[in-house]
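S.K.: So here's query.cif, just mmCIF, C-alpha atoms:
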data_coords
#
loop_
_atom_site.group_PDB
_atom_site.id
_atom_site.type_symbol
_atom_site.label_atom_id
_atom_site.label_comp_id
_atom_site.auth_asym_id
_atom_site.auth_seq_id
_atom_site.Cartn_x
_atom_site.Cartn_y
_atom_site.Cartn_z
ATOM 1 C CA MET A 1 112.270 99.813 91.044
ATOM 2 C CA VAL A 2 114.996 97.166 91.389
ATOM 3 C CA VAL A 3 118.417 98.617 92.169
ATOM 4 C CA LEU A 4 121.403 96.761 90.686
ATOM 5 C CA THR A 5 123.682 96.077 93.644
ATOM 6 C CA ARG A 6 125.297 92.753 92.762
ATOM 7 C CA VAL A 7 127.192 93.636 89.559
ATOM 8 C CA ALA A 8 130.620 95.234 90.079
ATOM 9 C CA PRO A 9 132.404 97.091 87.260
ATOM 10 C CA PRO A 10 134.804 94.807 85.360
ATOM 11 C CA ASN A 11 138.458 94.834 86.358
ATOM 12 C CA LEU A 12 139.938 94.987 82.850
ATOM 13 C CA PRO A 13 143.601 93.998 82.428
ATOM 14 C CA LEU A 14 146.052 96.573 81.065
ATOM 15 C CA ALA A 15 147.057 96.003 77.436
ATOM 16 C CA PRO A 16 150.676 95.130 76.633
ATOM 17 C CA PRO A 17 152.601 97.341 74.154
ATOM 18 C CA GLU A 18 152.196 94.772 71.385
ATOM 19 C CA TYR A 19 149.291 92.562 70.380
ATOM 20 C CA ASN A 20 149.033 89.442 72.551
ATOM 21 C CA ALA A 21 146.456 86.732 71.912
ATOM 22 C CA GLY A 22 146.466 85.593 75.557
ATOM 23 C CA HIS A 23 145.765 89.123 76.755
ATOM 24 C CA GLN A 24 142.993 89.554 74.209
ATOM 25 C CA ASN A 25 141.320 86.335 75.375
ATOM 26 C CA GLN A 26 141.617 87.396 79.007
ATOM 27 C CA TYR A 27 140.138 90.810 78.178
ATOM 28 C CA SER A 28 137.214 89.204 76.327
ATOM 29 C CA ASN A 29 136.561 86.758 79.161
ATOM 30 C CA VAL A 30 136.383 89.558 81.739
ATOM 31 C CA LEU A 31 133.867 91.443 79.587
ATOM 32 C CA ARG A 32 131.872 88.264 78.942
ATOM 33 C CA LEU A 33 131.587 87.528 82.673
ATOM 34 C CA TYR A 34 130.571 91.105 83.388
ATOM 35 C CA PHE A 35 127.835 91.239 80.765
ATOM 36 C CA ASN A 36 126.528 87.809 81.759
ATOM 37 C CA ALA A 37 126.181 89.005 85.352
ATOM 38 C CA LEU A 38 124.593 92.274 84.232
ATOM 39 C CA SER A 39 122.136 90.472 81.961
ATOM 40 C CA GLY A 40 121.205 88.025 84.715
ATOM 41 C CA THR A 41 120.456 90.845 87.154
ATOM 42 C CA ILE A 42 118.459 92.935 84.684
ATOM 43 C CA ASN A 43 116.436 89.937 83.503
ATOM 44 C CA ALA A 44 115.775 88.571 86.994
ATOM 45 C CA PRO A 45 112.097 88.261 87.975
ATOM 46 C CA VAL A 46 110.592 91.385 89.554
ATOM 47 C CA PRO A 47 108.172 90.441 92.361
ATOM 48 C CA TYR A 48 105.039 92.544 92.914
ATOM 49 C CA ALA A 49 101.447 92.151 94.064
ATOM 50 C CA SER A 50 98.106 93.931 94.194
ATOM 51 C CA LEU A 51 95.590 92.201 96.474
ATOM 52 C CA PHE A 52 92.171 93.044 97.862
ATOM 53 C CA ASP A 53 89.229 91.610 99.785
ATOM 54 C CA THR A 54 85.507 91.639 98.940
ATOM 55 C CA THR A 55 84.134 90.519 102.323
ATOM 56 C CA THR A 56 83.295 92.361 105.539
ATOM 57 C CA GLN A 57 85.879 91.641 108.236
ATOM 58 C CA THR A 58 85.059 91.660 111.948
ATOM 59 C CA THR A 59 86.670 90.877 115.286
ATOM 60 C CA PRO A 60 85.626 91.196 118.961
ATOM 61 C CA ALA A 61 86.667 94.261 120.950
ATOM 62 C CA ASN A 62 90.387 94.441 121.756
ATOM 63 C CA THR A 63 91.007 91.147 119.940
ATOM 64 C CA PRO A 64 93.836 91.211 117.390
ATOM 65 C CA LYS A 65 93.015 89.637 114.037
ATOM 66 C CA ALA A 66 94.929 89.451 110.766
ATOM 67 C CA LEU A 67 93.515 91.120 107.673
ATOM 68 C CA THR A 68 92.640 88.632 104.934
ATOM 69 C CA TYR A 69 92.555 88.809 101.137
ATOM 70 C CA ASN A 70 90.389 86.830 98.711
ATOM 71 C CA THR A 71 91.441 88.293 95.356
ATOM 72 C CA ILE A 72 94.745 88.697 93.499
ATOM 73 C CA ASP A 73 94.563 91.534 91.005
ATOM 74 C CA VAL A 74 98.112 91.079 89.675
ATOM 75 C CA ALA A 75 101.076 89.302 91.268
ATOM 76 C CA SER A 76 104.439 87.716 90.557
ATOM 77 C CA GLY A 77 106.728 86.145 93.141
ATOM 78 C CA ILE A 78 104.316 87.071 95.958
ATOM 79 C CA ILE A 79 101.360 84.855 96.893
ATOM 80 C CA ILE A 80 98.477 84.641 99.336
ATOM 81 C CA GLY A 81 99.197 81.794 101.729
ATOM 82 C CA SER A 82 97.043 79.643 103.965
ATOM 83 C CA PRO A 83 95.480 81.170 105.979
ATOM 84 C CA SER A 84 94.653 83.956 103.521
ATOM 85 C CA SER A 85 96.126 86.592 105.840
ATOM 86 C CA GLU A 86 99.676 85.475 104.983
ATOM 87 C CA ILE A 87 101.504 87.335 102.228
ATOM 88 C CA GLN A 88 104.354 85.015 101.246
ATOM 89 C CA PHE A 89 107.555 86.129 99.512
ATOM 90 C CA GLN A 90 109.464 83.975 97.031
ATOM 91 C CA TYR A 91 112.393 86.411 96.688
ATOM 92 C CA ALA A 92 114.435 88.030 99.437
ATOM 93 C CA GLY A 93 114.468 91.794 99.334
ATOM 94 C CA ILE A 94 113.417 95.125 100.746
ATOM 95 C CA TYR A 95 109.780 95.831 99.880
ATOM 96 C CA ASN A 96 107.281 98.665 100.102
ATOM 97 C CA LEU A 97 103.926 97.464 101.485
ATOM 98 C CA GLN A 98 101.054 99.947 101.043
ATOM 99 C CA PHE A 99 97.657 99.094 102.526
ATOM 100 C CA SER A 100 94.273 100.711 103.030
ATOM 101 C CA VAL A 101 91.214 99.596 104.999
ATOM 102 C CA GLN A 102 87.637 100.865 104.862
ATOM 103 C CA LEU A 103 86.453 101.262 108.472
ATOM 104 C CA GLU A 104 82.911 101.614 109.798
ATOM 105 C CA ASN A 105 81.709 102.345 113.348
ATOM 106 C CA ALA A 106 78.148 101.461 114.425
ATOM 107 C CA ASN A 107 78.756 102.566 118.027
ATOM 108 C CA VAL A 108 77.379 105.838 119.431
ATOM 109 C CA ALA A 109 80.882 106.762 120.698
ATOM 110 C CA ASP A 110 84.108 107.325 118.792
ATOM 111 C CA GLN A 111 86.245 104.170 118.676
ATOM 112 C CA ASP A 112 89.939 103.459 118.138
ATOM 113 C CA VAL A 113 91.608 100.900 115.902
ATOM 114 C CA ASN A 114 95.203 99.689 116.243
ATOM 115 C CA ILE A 115 96.948 98.335 113.123
ATOM 116 C CA TRP A 116 100.415 96.755 113.061
ATOM 117 C CA LEU A 117 102.679 94.232 111.314
ATOM 118 C CA ARG A 118 103.730 90.668 111.977
ATOM 119 C CA ILE A 119 106.505 88.798 110.171
ATOM 120 C CA ASN A 120 106.364 85.009 110.520
ATOM 121 C CA GLY A 121 103.851 85.414 113.352
ATOM 122 C CA ILE A 122 105.995 87.834 115.389
ATOM 123 C CA ASP A 123 104.884 91.429 116.027
ATOM 124 C CA VAL A 124 107.195 94.017 114.443
ATOM 125 C CA ALA A 125 108.382 96.450 117.100
ATOM 126 C CA GLY A 126 107.218 100.032 116.572
ATOM 127 C CA SER A 127 104.925 99.154 113.662
ATOM 128 C CA ASN A 128 101.588 100.012 115.318
ATOM 129 C CA GLY A 129 99.405 102.906 114.251
ATOM 130 C CA ARG A 130 96.210 104.055 116.039
ATOM 131 C CA VAL A 131 93.292 105.751 114.307
ATOM 132 C CA SER A 132 89.932 106.981 115.615
ATOM 133 C CA ILE A 133 86.630 106.302 113.836
ATOM 134 C CA ALA A 134 83.777 108.778 114.248
ATOM 135 C CA SER A 135 80.688 107.634 116.153
ATOM 136 C CA LYS A 136 77.314 106.772 114.667
ATOM 137 C CA HIS A 137 75.474 110.063 114.169
ATOM 138 C CA GLY A 138 71.989 110.891 112.924
ATOM 139 C CA GLY A 139 71.326 107.214 112.340
ATOM 140 C CA VAL A 140 74.365 106.940 110.033
ATOM 141 C CA ASN A 141 77.398 104.868 110.972
ATOM 142 C CA GLY A 142 80.757 106.587 111.164
ATOM 143 C CA HIS A 143 83.103 105.905 108.231
ATOM 144 C CA SER A 144 86.791 106.353 107.536
ATOM 145 C CA ILE A 145 89.393 104.954 105.192
ATOM 146 C CA THR A 146 92.929 104.743 106.471
ATOM 147 C CA GLY A 147 96.251 103.398 105.277
ATOM 148 C CA TRP A 148 99.977 103.910 105.200
ATOM 149 C CA ASN A 149 103.073 102.118 103.991
ATOM 150 C CA PHE A 150 105.858 100.037 105.505
ATOM 151 C CA ILE A 151 109.393 99.449 104.204
ATOM 152 C CA LEU A 152 110.372 95.883 105.138
ATOM 153 C CA ARG A 153 113.291 93.500 104.714
ATOM 154 C CA VAL A 154 111.827 90.067 103.954
ATOM 155 C CA GLY A 155 113.592 86.739 103.401
ATOM 156 C CA VAL A 156 112.722 83.934 100.993
ATOM 157 C CA GLY A 157 109.723 81.980 102.286
ATOM 158 C CA GLN A 158 108.846 84.492 104.994
ATOM 159 C CA TYR A 159 105.306 85.826 105.326
ATOM 160 C CA VAL A 160 103.873 89.144 106.448
ATOM 161 C CA GLU A 161 100.501 89.837 108.082
ATOM 162 C CA ILE A 162 98.725 93.094 108.913
ATOM 163 C CA ILE A 163 96.910 92.924 112.257
ATOM 164 C CA TRP A 164 93.992 95.050 113.414
ATOM 165 C CA SER A 165 92.330 95.382 116.820
ATOM 166 C CA PRO A 166 89.332 97.704 117.416
ATOM 167 C CA SER A 167 88.197 99.047 120.777
ATOM 168 C CA SER A 168 84.632 97.859 120.010
ATOM 169 C CA ALA A 169 83.111 94.991 118.039
ATOM 170 C CA ASP A 170 80.893 97.667 116.447
ATOM 171 C CA VAL A 171 83.909 98.640 114.334
ATOM 172 C CA THR A 172 84.110 96.578 111.154
ATOM 173 C CA ILE A 173 85.986 96.600 107.860
ATOM 174 C CA PRO A 174 83.121 96.425 105.363
ATOM 175 C CA HIS A 175 82.881 95.751 101.656
ATOM 176 C CA TYR A 176 80.349 97.967 99.878
ATOM 177 C CA ALA A 177 78.726 96.781 96.672
ATOM 178 C CA ALA A 178 78.610 99.092 93.674
ATOM 179 C CA ALA A 179 75.774 101.630 93.716
ATOM 180 C CA VAL A 180 73.643 101.922 90.584
ATOM 181 C CA GLY A 181 72.937 105.546 91.379
ATOM 182 C CA PRO A 182 72.502 108.231 90.601
ATOM 183 C CA PRO A 183 75.303 108.739 91.101
ATOM 184 C CA ALA A 184 76.800 105.401 90.061
ATOM 185 C CA ILE A 185 79.614 104.490 92.469
ATOM 186 C CA PRO A 186 82.082 101.583 92.083
ATOM 187 C CA ALA A 187 82.300 98.898 94.738
ATOM 188 C CA THR A 188 84.495 99.544 97.788
ATOM 189 C CA TYR A 189 86.983 96.833 98.725
ATOM 190 C CA SER A 190 87.303 96.235 102.453
ATOM 191 C CA VAL A 191 91.093 95.815 102.285
ATOM 192 C CA VAL A 192 93.617 96.728 99.581
ATOM 193 C CA LEU A 193 97.315 95.815 99.669
ATOM 194 C CA THR A 194 100.042 96.538 97.122
ATOM 195 C CA VAL A 195 103.608 95.247 97.366
ATOM 196 C CA THR A 196 106.507 96.557 95.277
ATOM 197 C CA PRO A 197 110.236 95.803 95.483
ATOM 198 C CA ILE A 198 112.798 98.433 96.358
ATOM 199 C CA VAL A 199 115.849 96.165 96.070
ATOM 200 C CA LEU A 200 116.265 92.402 95.755
ATOM 201 C CA LEU A 201 118.891 90.807 97.984
#
Mind turning the file's structure into structure tokens?
M.R.:
Amino acid sequence: MVVLTRVAPPNLPLAPPEYNAGHQNQYSNVLRLYFNALSGTINAPVPYASLFDTTTQTTPANTPKALTYNTIDVASGIIIGSPSSEIQFQYAGIYNLQFSVQLENANVADQDVNIWLRINGIDVAGSNGRVSIASKHGGVNGHSITGWNFILRVGVGQYVEIIWSPSSADVTIPHYAAAVGPPAIPATYSVVLTVTPIVLL
């Protein structure tokens, strides 16, 4: 939702006791300016994005790497940059970023994964989260899907990346193809990211 914060109520002049053409014109001009500003704000572009990845992502143990995306589901005013880990913003604002990653652990011990944010290549203080992925058991790799959201202030032309770093290279972010079944199961994207505006600045 875009909150209207840039349109102030009109300061309408007080009417004189008798009809006055100059006052009437001034009154109309104030209303015209107000409604033009209101219309411009309401009709302004609303940026949004839904992105995902259909590859398996890997990185060595304790080696930070940015999540990447190879598919735009829907988007306006937000693009995938180069490299494809960069989410670039064409409008300044405060945004809600919601992500999820499908994690897999082929190690016989539980493993941890750290996930945090970078804006323009700089780590965001306090943004890290740590999750544990169950060990391989009974010949089956451990699996988990995890995600959360961030509320961020982003400027025009800035880019955001989500960084991950596992405690073992045996932890991956896999893409699973659709299963014919039974039961039939849709494909699993390795990474999903949605971006919605809270307020444009």
S.K.: For a quick check of understanding, using all atoms listed in the file, which of A:Ser167, A:Asn149, A:Asn120, A:Gln158 has the smallest distance to Ser132 in chain A?
M.R.: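 Checking each of A:Ser167, A:Asn149, A:Asn120, A:Gln158 against Ser132 in chain A, counting all atoms listed in the file, the winner is A:Ser167.
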S.K.: Name the closest residue to Ala75 in chain A among the candidates A:Val113, A:Ala37, A:Val195, A:Ala21; distances are taken between atoms, counting all atoms listed in the file.
M.R.: A:Val195
S.K.: Could you check which of A:Tyr34, A:Phe89, A:Tyr48, A:Trp116 is closest to Tyr159 in chain A, using all atoms listed in the file?
M.R.: A:Phe89
S.K.: I'd like to know which of A:Tyr176, A:Trp164, A:Phe99, A:Tyr91 is closest to Val46 in chain A, using all atoms listed in the file.
M.R.: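 The answer is A:Tyr91, which sits nearest to Val46 in chain A.
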S.K.: So what do you get for CA of Thr188 in chain A versus CA of Asn70 in chain A, distance-wise?
M.R.: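 Taking CA of Thr188 in chain A and CA of Asn70 in chain A, their separation equals 14.0 Å.
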S.K.: Would you mind telling me which residue in A:Ser190, A:Gln102, A:Thr196, A:Gln26 lies nearest to Tyr69 in chain A when using all atoms listed in the file?
M.R.: A:Ser190
S.K.: Can you tell me, as an MDAnalysis selection string, what residues are no more than 12 Å from Gly155 in chain A when counting only C-alpha atoms, ignoring any on the same chain fewer than 3 positions away?
M.R.: chainID A and resid 78 88:95 119:120 152 158:160 200:201
S.K.: Write a file of the selected residues as an mmCIF file, in the frame of the given file, keeping C-alpha atoms.
M.R.:
data_model
loop_
_atom_site.group_PDB
_atom_site.id
_atom_site.type_symbol
_atom_site.label_atom_id
_atom_site.label_comp_id
_atom_site.auth_asym_id
_atom_site.auth_seq_id
_atom_site.Cartn_x
_atom_site.Cartn_y
_atom_site.Cartn_z
ATOM 1 C CA ILE A 78 104.316 87.071 95.958
ATOM 2 C CA GLN A 88 104.354 85.015 101.246
ATOM 3 C CA PHE A 89 107.555 86.129 99.512
ATOM 4 C CA GLN A 90 109.464 83.975 97.031
ATOM 5 C CA TYR A 91 112.393 86.411 96.688
ATOM 6 C CA ALA A 92 114.435 88.030 99.437
ATOM 7 C CA GLY A 93 114.468 91.794 99.334
ATOM 8 C CA ILE A 94 113.417 95.125 100.746
ATOM 9 C CA TYR A 95 109.780 95.831 99.880
ATOM 10 C CA ILE A 119 106.505 88.798 110.171
ATOM 11 C CA ASN A 120 106.364 85.009 110.520
ATOM 12 C CA LEU A 152 110.372 95.883 105.138
ATOM 13 C CA GLN A 158 108.846 84.492 104.994
ATOM 14 C CA TYR A 159 105.306 85.826 105.326
ATOM 15 C CA VAL A 160 103.873 89.144 106.448
ATOM 16 C CA LEU A 200 116.265 92.402 95.755
ATOM 17 C CA LEU A 201 118.891 90.807 97.984
#
S.K.: What's the 12 Å shell around Val30 in chain A, counting only C-alpha atoms, without same-chain residues fewer than 4 positions away, as a ChimeraX atom specification?
M.R.: /A:8-14,23-26,34-37
S.K.: Counting only C-alpha atoms, which residue out of A:Ile163, A:Leu103, A:Leu193, A:Val74 sits closest to Ser144 in chain A?
M.R.: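 Residue with the minimum atom-to-atom distance to Ser144 in chain A: A:Leu103.
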S.K.: Apply the PyMOL selection byres ((chain A and resi 109) around 9) to the structure shown and report the selected residues as a PyMOL selection string.
M.R.: chain A and resi 105-108+110-111+133-136
